[in-house]
Number of protein chains: 2
Amino acid sequence: MEKNRSIHVAMQALGQAARAAARVVARSDTATRNLALIATAEAINRDEALLLAANTQDVAQAKQKGLEPAMIDRLTLTSKGVASMTTGLRQIAALSDPIGAITDLDYRPTGIQVGKMRVPLGVIGIIYEARPNVTADAAGLCLKAGNAAILRGGSEAIHSNQAIAACVREGLRTAGLPEQAVQVIETTDRAAVSELITMSEYVDVIVPRGGKGLIERITNEARVPVIKHLDGVCHVYVDQSADLEKALRIVDNAKTQRYGTCNTMETLLVHTEIAKQFLPLICEILLKKKVELRGDEAACALVSSMKLATKEDWHAEYLAPILNIRVVADVDEAITHIATYGSQHTDTIVTENYSRARQFLREVDSSSVMVNASTRFADGFEYGLGAEIGISTDKLHARGPVGLEGLTSQKYIVLGDGHIRE
Amino acid sequence: MEKNRSIHVAMQALGQAARAAARVVARSDTATRNLALIATAEAINRDEALLLAANTQDVAQAKQKGLEPAMIDRLTLTSKGVASMTTGLRQIAALSDPIGAITDLDYRPTGIQVGKMRVPLGVIGIIYEARPNVTADAAGLCLKAGNAAILRGGSEAIHSNQAIAACVREGLRTAGLPEQAVQVIETTDRAAVSELITMSEYVDVIVPRGGKGLIERITNEARVPVIKHLDGVCHVYVDQSADLEKALRIVDNAKTQRYGTCNTMETLLVHTEIAKQFLPLICEILLKKKVELRGDEAACALVSSMKLATKEDWHAEYLAPILNIRVVADVDEAITHIATYGSQHTDTIVTENYSRARQFLREVDSSSVMVNASTRFADGFEYGLGAEIGISTDKLHARGPVGLEGLTSQKYIVLGDGHIRE
């Protein structure tokens with residue numbers, strides 16, 4: 001109780017400081033915020049040896065604790081990783097400033113001019129796991145969008161994150177911005193997270209980055225709005241009018257380019273008319289790459305080395321070399337399958353048929369819907385957002401890859417000349 | 001417990017039906033949804049006598065229960081009120097269809113084309129108090145934006161709402177849309193609201209319309225996102241470079257055109273240089289209209305019939321003929337006052353000074369920020385949204401007056417020609 005009380009007090013102070021800093025950052029001009037990003041990049045570059053030493057300490061402790069190799073891999077910072085942080089910060093600095101941009105400023109019949117101005121959200125809480133580079137990325141994106149940030153990295157990366165945070169503070173000082181504009185929570189106590197996600201007076205939105213478990217836990221407990229990213233159960237539907245060569249290329253890429261990403265295809269749907277011709281071809285490619293195949297009865301009948309998929313399989317986000325395959329009667333059945341088992345992340349139709357392409361685009365209710373393109377394109381950089389804080393599977397506020405715009409809001413502005421309402 | 005269990009079961013069934021209907025509405029074309037709106041308007045027009053009879057029953061019961069006159073006034077439906085419902089529905093039908101609209105479809109260096117398509121949110125829950133006309137308005141707006149709606153009106157308006165709901169169902173039938181696209185909760189039990197705002201599987205967003213108490217209760221209990229409208233503590237700041245004639249007109253209008261609306265000014269801020277000249281003039285106008293004045297010491301020194309404002313007064317949303325007045329040293333002090341005591345609703349500067357107008361627009365963090373215009377303009381119709389479901393004081397998703405766009409989301413669409421990610 002005593003400990004929780006002191007964490008409560010510390011977090012309230014941190015929140016209050018963030019709220020005050022957010023007002024300063026919101027009013028700062030473009031050049032000032034860009035300078036903070038560049039100066040941070042320069043500090044990180046200069047302090048590379050320090051950062052790598054701090055990271056070595058984290059990695060040693062992680063190994064001692066017997067953490068999984070995949071986790072240690074994500075935790076490990078290399079010279080290349082440091083360079084990619086500084087490149088990222090410079091790229092964010094080079095993006096155009098979203099804040100203050102005025103759009104749709106139109107005259108109304110009453111004579112007033114009404115438009116919208118893009119504004120920061122305020123204070124953004126980012127909760128993430130092992131990757132230390134998120135500290136620099138998230139700080140950069142939040143600052144560029146005129147926000148203050150409170151960062152809570154995984155406890156296993158604490159030394160790395162503190163070292164990076166020191167560079168961010170130096171960048172803020174250089175630009176004359178308050179250091180409290182980016183605060184990294186120092187305690188590794190879980191109670192700090194509970195405070196962060198419930199202090200709606202000081203925090204405007206929470207962005208959790210990490211596994212499904214983390215995100216579900218945060219969503220259930222949060223009183224602050226959460227921009228969340230749950231599963232990526234992505235589909236490719238190969239229509240009867242698909243160009244076979246394009247279909248082979250897309251399905252192969254969507255499954256095998258990287259297995260562990262959220263925009264990787266987990267289920268392939270194939271129209272019954274083309275299944276006999278297409279399935280043996282694609283399965284040969286996938287089996288060569290050691291992808292395990294699980295199909296419905298019709299698919300199993302066409303490819304011998306396929307086992308029968310269970311109902312759970314159709315819901316699964318494998319993030320692994322496993323693929324479900326189902327033969328469908330038409331595009332409606334494909335759309336219904338996606339609505340039933342999908343996670344509203346990213347789904348593609350492969351077809352040369354105009355009407356079915358149009359129907360699929362309109363009717364599939366996912367954050368990214370594609371025609372004749374690999375699901376792997378669902379990504380902030382590929383979409384031209386310049387940067388990405390995550391991919392939202394929500395519908396409110398931000399949907400799909402979230403860039404700078406997702407970290408902002410819009411207010412109405414009204415220009416008059418003594419106008420009153422009659 | 002037995003009763004709550006049966007309400008739980010009923011609400012789950014209602015939610016499931018809404019989710020299924022939402023898919024049909026989302027896919028329906030523009031003409032179909034417009035037909036449903038027009039047919040509803042025609043049914044309401046035809047059934048006017050029935051509607052008025054049902055309303056008479058509600059009003060009689062409300063009087064018997066001894067409800068407040070203001071409440072009975074909001075509850076009462078007149079022939080004119082019925083006509084305004086049908087006009088509203090026809091106006092919504094005449095608005096352009098937001099759904100399916102594609103924007104920013106640009107080619108990327110990889111060759112894919114990336115854009116955004118506007119899509120419905122899904123199922124929208126609306127919780128409101130006495131006004132029966134909200135039933136028609138909310139149904140119309142949700143449908144036009146391609147959504148299904150679950151409506152929960154005040155228990156005192158139950159007969160009126162059921163009569164209007166029958167007309168909406170007829171409209172849906174006429175257009176060949178499922179009747180479950182707009183469902184009005186029949187039970188007046190509070191437990192139904194608790195179910196509605198927590199069944200996130202079936203409901204995508206809750207829009208509460210009503211007093212602060214209702215909205216706070218819902219926000220605290222909801223597991224579904226809420227588009228909320230809390231206080232309207234609106235300010236007018238009269239700068240030292242204000243045109244006095246415009247300032248008098250705007251301040252008078254912002255306070256006295258209607259006292260009970262959320263965009264009514266509650267606090268007047270006046271620059272010290274202009275206070276001596278301006279305050280006696282405006283106070284004469286306001287005192288004639290029987291507005292009670294509460295000021296800081298400097299303001300009280302200038303106008304004798306003013307009492308000293310307390311700290312609570314600066315936070316108050318009076319919705320009544322009472323006005324706070326404070327003399328400030330400069331625009332920064334005005335902006336700080338608004339940040340401290342305001343509710344981020346609507347704030348105006350009256351000035352002829354270019355730089356301070358620009359500063360106020362940028363730095364005041366409210367859903368509507370104005371220059372030389374009355375706060376009373378903060379309204380969906382005045383802004384050209386065509387209709388309004390409420391005014392959001394949130395920053396995420398929708399901010400300020402919420403029209404059709406606030407009831408929609410956007411998904412990414414990607415068009416390729418066999419493109420894969422390298």
# chains A, B, ... in the order shown; residues from 1 in each chain; ligands from 1
>>> residues_around(residues="Thr348 in chain A", least_positions_apart="3", cutoff="8 Å", atoms="only C-alpha atoms", output="ChimeraX atom specification")
/A:235-237,369-375
>>> closest_atom_pairs(of="chain B", to="chain A", cutoff="7 Å", atoms="only C-alpha atoms", output="Markdown table")
| residue | atom | partner | partner_atom | distance |
| --- | --- | --- | --- | --- |
| B:Arg27 | CA | A:Glu363 | CA | 6.1 |
| B:Gly100 | CA | A:Arg362 | CA | 6.6 |
| B:Val114 | CA | A:Tyr383 | CA | 6.3 |
| B:Leu121 | CA | A:Lys395 | CA | 6.6 |
| B:Lys246 | CA | A:Gly418 | CA | 4.6 |
| B:Ile250 | CA | A:Ile420 | CA | 5.8 |
| B:Asn253 | CA | A:Ile420 | CA | 6.1 |
| B:Arg362 | CA | A:Gly100 | CA | 6.6 |
| B:Glu363 | CA | A:Arg27 | CA | 6.1 |
| B:Ser366 | CA | A:Lys411 | CA | 6.8 |
| B:Ser367 | CA | A:Lys411 | CA | 4.8 |
| B:Ser368 | CA | A:Tyr412 | CA | 4.6 |
| B:Val369 | CA | A:Ile413 | CA | 4.9 |
| B:Met370 | CA | A:Val414 | CA | 4.5 |
| B:Val371 | CA | A:Leu415 | CA | 5.0 |
| B:Asn372 | CA | A:Gly418 | CA | 4.9 |
| B:Ala373 | CA | A:His419 | CA | 4.7 |
| B:Ser374 | CA | A:Ile420 | CA | 5.0 |
| B:Arg376 | CA | A:Arg421 | CA | 6.3 |
| B:Phe377 | CA | A:Arg421 | CA | 6.2 |
| B:Tyr383 | CA | A:Val114 | CA | 6.3 |
| B:Lys395 | CA | A:Ser409 | CA | 6.0 |
| B:Leu396 | CA | A:His397 | CA | 5.7 |
| B:His397 | CA | A:His397 | CA | 3.7 |
| B:Arg399 | CA | A:Lys411 | CA | 6.3 |
| B:Gly400 | CA | A:Tyr412 | CA | 6.8 |
| B:Ser409 | CA | A:Lys395 | CA | 6.0 |
| B:Gln410 | CA | A:Arg399 | CA | 6.8 |
| B:Lys411 | CA | A:Ser367 | CA | 4.8 |
| B:Tyr412 | CA | A:Ser368 | CA | 4.6 |
| B:Ile413 | CA | A:Val369 | CA | 4.9 |
| B:Val414 | CA | A:Met370 | CA | 4.5 |
| B:Leu415 | CA | A:Val371 | CA | 5.0 |
| B:Gly416 | CA | A:Asn372 | CA | 4.9 |
| B:Asp417 | CA | A:Asn372 | CA | 5.2 |
| B:Gly418 | CA | A:Lys246 | CA | 4.6 |
| B:His419 | CA | A:Ala373 | CA | 4.7 |
| B:Ile420 | CA | A:Ser374 | CA | 5.0 |
| B:Arg421 | CA | A:Phe377 | CA | 6.3 |
>>> residues_around(residues="range 258-271 of chain A", least_positions_apart="2", cutoff="6 Å", atoms="only C-alpha atoms", output="ChimeraX atom specification")
/A:232-240,254-256,273-275,319-320,323-329,375-376
>>> write_last_selection(atoms="C-alpha atoms", output="compact mmCIF listing (two decimals), in the first residue's frame")
# COMPACT_ATOMS: atom_id res chain seq x y z
CA GLY A 232 -3.87 -9.49 -37.75
CA VAL A 233 -5.86 -12.37 -39.23
CA CYS A 234 -5.37 -11.36 -42.87
CA HIS A 235 -6.90 -13.02 -45.94
CA VAL A 236 -6.19 -13.26 -49.63
CA TYR A 237 -9.16 -14.24 -51.80
CA VAL A 238 -8.27 -15.62 -55.23
CA ASP A 239 -11.31 -14.98 -57.41
CA GLN A 240 -12.31 -17.11 -60.42
CA ALA A 254 1.69 -12.31 -48.40
CA LYS A 255 2.57 -15.54 -46.56
CA THR A 256 6.31 -16.00 -46.84
CA GLU A 273 -13.75 -22.75 -60.24
CA ILE A 274 -10.06 -21.90 -60.06
CA ALA A 275 -9.10 -24.05 -57.06
CA LEU A 319 2.68 -15.47 -37.05
CA ALA A 320 4.38 -18.64 -38.27
CA LEU A 323 -1.56 -21.34 -43.69
CA ASN A 324 -5.29 -22.11 -43.75
CA ILE A 325 -6.88 -22.72 -47.13
CA ARG A 326 -10.60 -22.73 -47.89
CA VAL A 327 -12.45 -23.21 -51.16
CA VAL A 328 -15.44 -20.84 -51.49
CA ALA A 329 -18.44 -20.77 -53.83
CA THR A 375 -1.27 -7.76 -47.63
CA ARG A 376 2.33 -7.03 -46.60
>>> closest_residue(among="B:His315, B:His8, B:Lys3, B:Lys228", to="Ala192 in chain B", atoms="only C-alpha atoms")
B:His8
>>> residues_around(residues="range 164-174 of chain A", least_positions_apart="3", cutoff="8 Å", atoms="only C-alpha atoms", output="JSON, numbers by chain")
{"A": [35, 36, 37, 38, 39, 40, 41, 43, 44, 51, 135, 136, 139, 160, 161, 177, 178, 179, 181, 182, 183, 184]}
>>> write_last_selection(atoms="C-alpha atoms", output="mmCIF file, in the first residue's frame")
data_model
loop_
_atom_site.group_PDB
_atom_site.id
_atom_site.type_symbol
_atom_site.label_atom_id
_atom_site.label_comp_id
_atom_site.auth_asym_id
_atom_site.auth_seq_id
_atom_site.Cartn_x
_atom_site.Cartn_y
_atom_site.Cartn_z
ATOM 1 C CA LEU A 35 15.515 21.251 -33.919
ATOM 2 C CA ALA A 36 14.678 19.109 -30.889
ATOM 3 C CA LEU A 37 14.484 16.031 -33.138
ATOM 4 C CA ILE A 38 17.742 16.770 -34.945
ATOM 5 C CA ALA A 39 19.577 17.585 -31.709
ATOM 6 C CA THR A 40 18.324 14.303 -30.225
ATOM 7 C CA ALA A 41 19.612 12.446 -33.276
ATOM 8 C CA ALA A 43 23.175 13.282 -29.202
ATOM 9 C CA ILE A 44 22.320 9.635 -29.920
ATOM 10 C CA LEU A 51 23.959 3.509 -25.515
ATOM 11 C CA THR A 135 11.828 5.106 -27.187
ATOM 12 C CA ALA A 136 13.376 7.301 -29.888
ATOM 13 C CA ALA A 139 9.350 10.424 -28.680
ATOM 14 C CA SER A 160 18.907 1.353 -22.762
ATOM 15 C CA ASN A 161 15.758 3.424 -22.477
ATOM 16 C CA LEU A 177 11.590 23.071 -24.996
ATOM 17 C CA PRO A 178 10.784 21.717 -21.516
ATOM 18 C CA GLU A 179 12.489 18.409 -20.692
ATOM 19 C CA ALA A 181 7.841 17.037 -22.893
ATOM 20 C CA VAL A 182 9.193 13.485 -23.068
ATOM 21 C CA GLN A 183 9.349 11.578 -19.804
ATOM 22 C CA VAL A 184 10.448 7.980 -19.464
#
>>> decode(residues="range 204-220 of chain A", atoms="N, CA, C and O atoms", output="mmCIF file, in the first residue's frame")
data_model
loop_
_atom_site.group_PDB
_atom_site.id
_atom_site.type_symbol
_atom_site.label_atom_id
_atom_site.label_comp_id
_atom_site.auth_asym_id
_atom_site.auth_seq_id
_atom_site.Cartn_x
_atom_site.Cartn_y
_atom_site.Cartn_z
ATOM 1 N N ASP A 204 -4.135 11.925 -22.578
ATOM 2 C CA ASP A 204 -5.245 11.981 -23.531
ATOM 3 C C ASP A 204 -5.450 10.687 -24.297
ATOM 4 O O ASP A 204 -6.566 10.390 -24.718
ATOM 5 N N VAL A 205 -4.380 9.952 -24.515
ATOM 6 C CA VAL A 205 -4.533 8.690 -25.241
ATOM 7 C C VAL A 205 -3.356 7.778 -24.912
ATOM 8 O O VAL A 205 -2.250 8.249 -24.624
ATOM 9 N N ILE A 206 -3.634 6.481 -24.908
ATOM 10 C CA ILE A 206 -2.605 5.468 -24.659
ATOM 11 C C ILE A 206 -2.397 4.679 -25.952
ATOM 12 O O ILE A 206 -3.359 4.253 -26.584
ATOM 13 N N VAL A 207 -1.130 4.506 -26.332
ATOM 14 C CA VAL A 207 -0.810 3.650 -27.467
ATOM 15 C C VAL A 207 0.038 2.494 -26.958
ATOM 16 O O VAL A 207 1.202 2.682 -26.635
ATOM 17 N N PRO A 208 -0.557 1.304 -26.829
ATOM 18 C CA PRO A 208 0.244 0.155 -26.412
ATOM 19 C C PRO A 208 0.876 -0.493 -27.646
ATOM 20 O O PRO A 208 0.221 -0.656 -28.670
ATOM 21 N N ARG A 209 2.138 -0.815 -27.547
ATOM 22 C CA ARG A 209 2.808 -1.519 -28.643
ATOM 23 C C ARG A 209 3.380 -2.800 -28.092
ATOM 24 O O ARG A 209 4.278 -2.772 -27.261
ATOM 25 N N GLY A 210 2.836 -3.890 -28.558
ATOM 26 C CA GLY A 210 3.354 -5.160 -28.049
ATOM 27 C C GLY A 210 2.384 -6.274 -28.339
ATOM 28 O O GLY A 210 1.499 -6.147 -29.191
ATOM 29 N N GLY A 211 2.548 -7.363 -27.638
ATOM 30 C CA GLY A 211 1.749 -8.554 -27.884
ATOM 31 C C GLY A 211 0.298 -8.374 -27.463
ATOM 32 O O GLY A 211 -0.060 -7.422 -26.772
ATOM 33 N N LYS A 212 -0.503 -9.340 -27.892
ATOM 34 C CA LYS A 212 -1.934 -9.316 -27.651
ATOM 35 C C LYS A 212 -2.248 -9.261 -26.153
ATOM 36 O O LYS A 212 -3.161 -8.562 -25.719
ATOM 37 N N GLY A 213 -1.475 -9.989 -25.367
ATOM 38 C CA GLY A 213 -1.698 -10.043 -23.915
ATOM 39 C C GLY A 213 -1.593 -8.649 -23.311
ATOM 40 O O GLY A 213 -2.477 -8.207 -22.578
ATOM 41 N N LEU A 214 -0.511 -7.957 -23.640
ATOM 42 C CA LEU A 214 -0.288 -6.601 -23.136
ATOM 43 C C LEU A 214 -1.462 -5.699 -23.501
ATOM 44 O O LEU A 214 -1.998 -4.969 -22.663
ATOM 45 N N ILE A 215 -1.868 -5.776 -24.768
ATOM 46 C CA ILE A 215 -2.890 -4.842 -25.253
ATOM 47 C C ILE A 215 -4.242 -5.129 -24.608
ATOM 48 O O ILE A 215 -4.962 -4.221 -24.208
ATOM 49 N N GLU A 216 -4.576 -6.411 -24.469
ATOM 50 C CA GLU A 216 -5.856 -6.742 -23.835
ATOM 51 C C GLU A 216 -5.894 -6.307 -22.381
ATOM 52 O O GLU A 216 -6.901 -5.785 -21.901
ATOM 53 N N ARG A 217 -4.759 -6.505 -21.692
ATOM 54 C CA ARG A 217 -4.697 -6.126 -20.282
ATOM 55 C C ARG A 217 -4.908 -4.617 -20.144
ATOM 56 O O ARG A 217 -5.685 -4.155 -19.313
ATOM 57 N N ILE A 218 -4.231 -3.869 -21.004
ATOM 58 C CA ILE A 218 -4.329 -2.407 -20.929
ATOM 59 C C ILE A 218 -5.735 -1.935 -21.274
ATOM 60 O O ILE A 218 -6.301 -1.080 -20.604
ATOM 61 N N THR A 219 -6.300 -2.516 -22.340
ATOM 62 C CA THR A 219 -7.630 -2.095 -22.768
ATOM 63 C C THR A 219 -8.663 -2.322 -21.668
ATOM 64 O O THR A 219 -9.541 -1.500 -21.444
ATOM 65 N N ASN A 220 -8.546 -3.453 -20.992
ATOM 66 C CA ASN A 220 -9.531 -3.772 -19.959
ATOM 67 C C ASN A 220 -9.459 -2.832 -18.770
ATOM 68 O O ASN A 220 -10.466 -2.535 -18.142
#
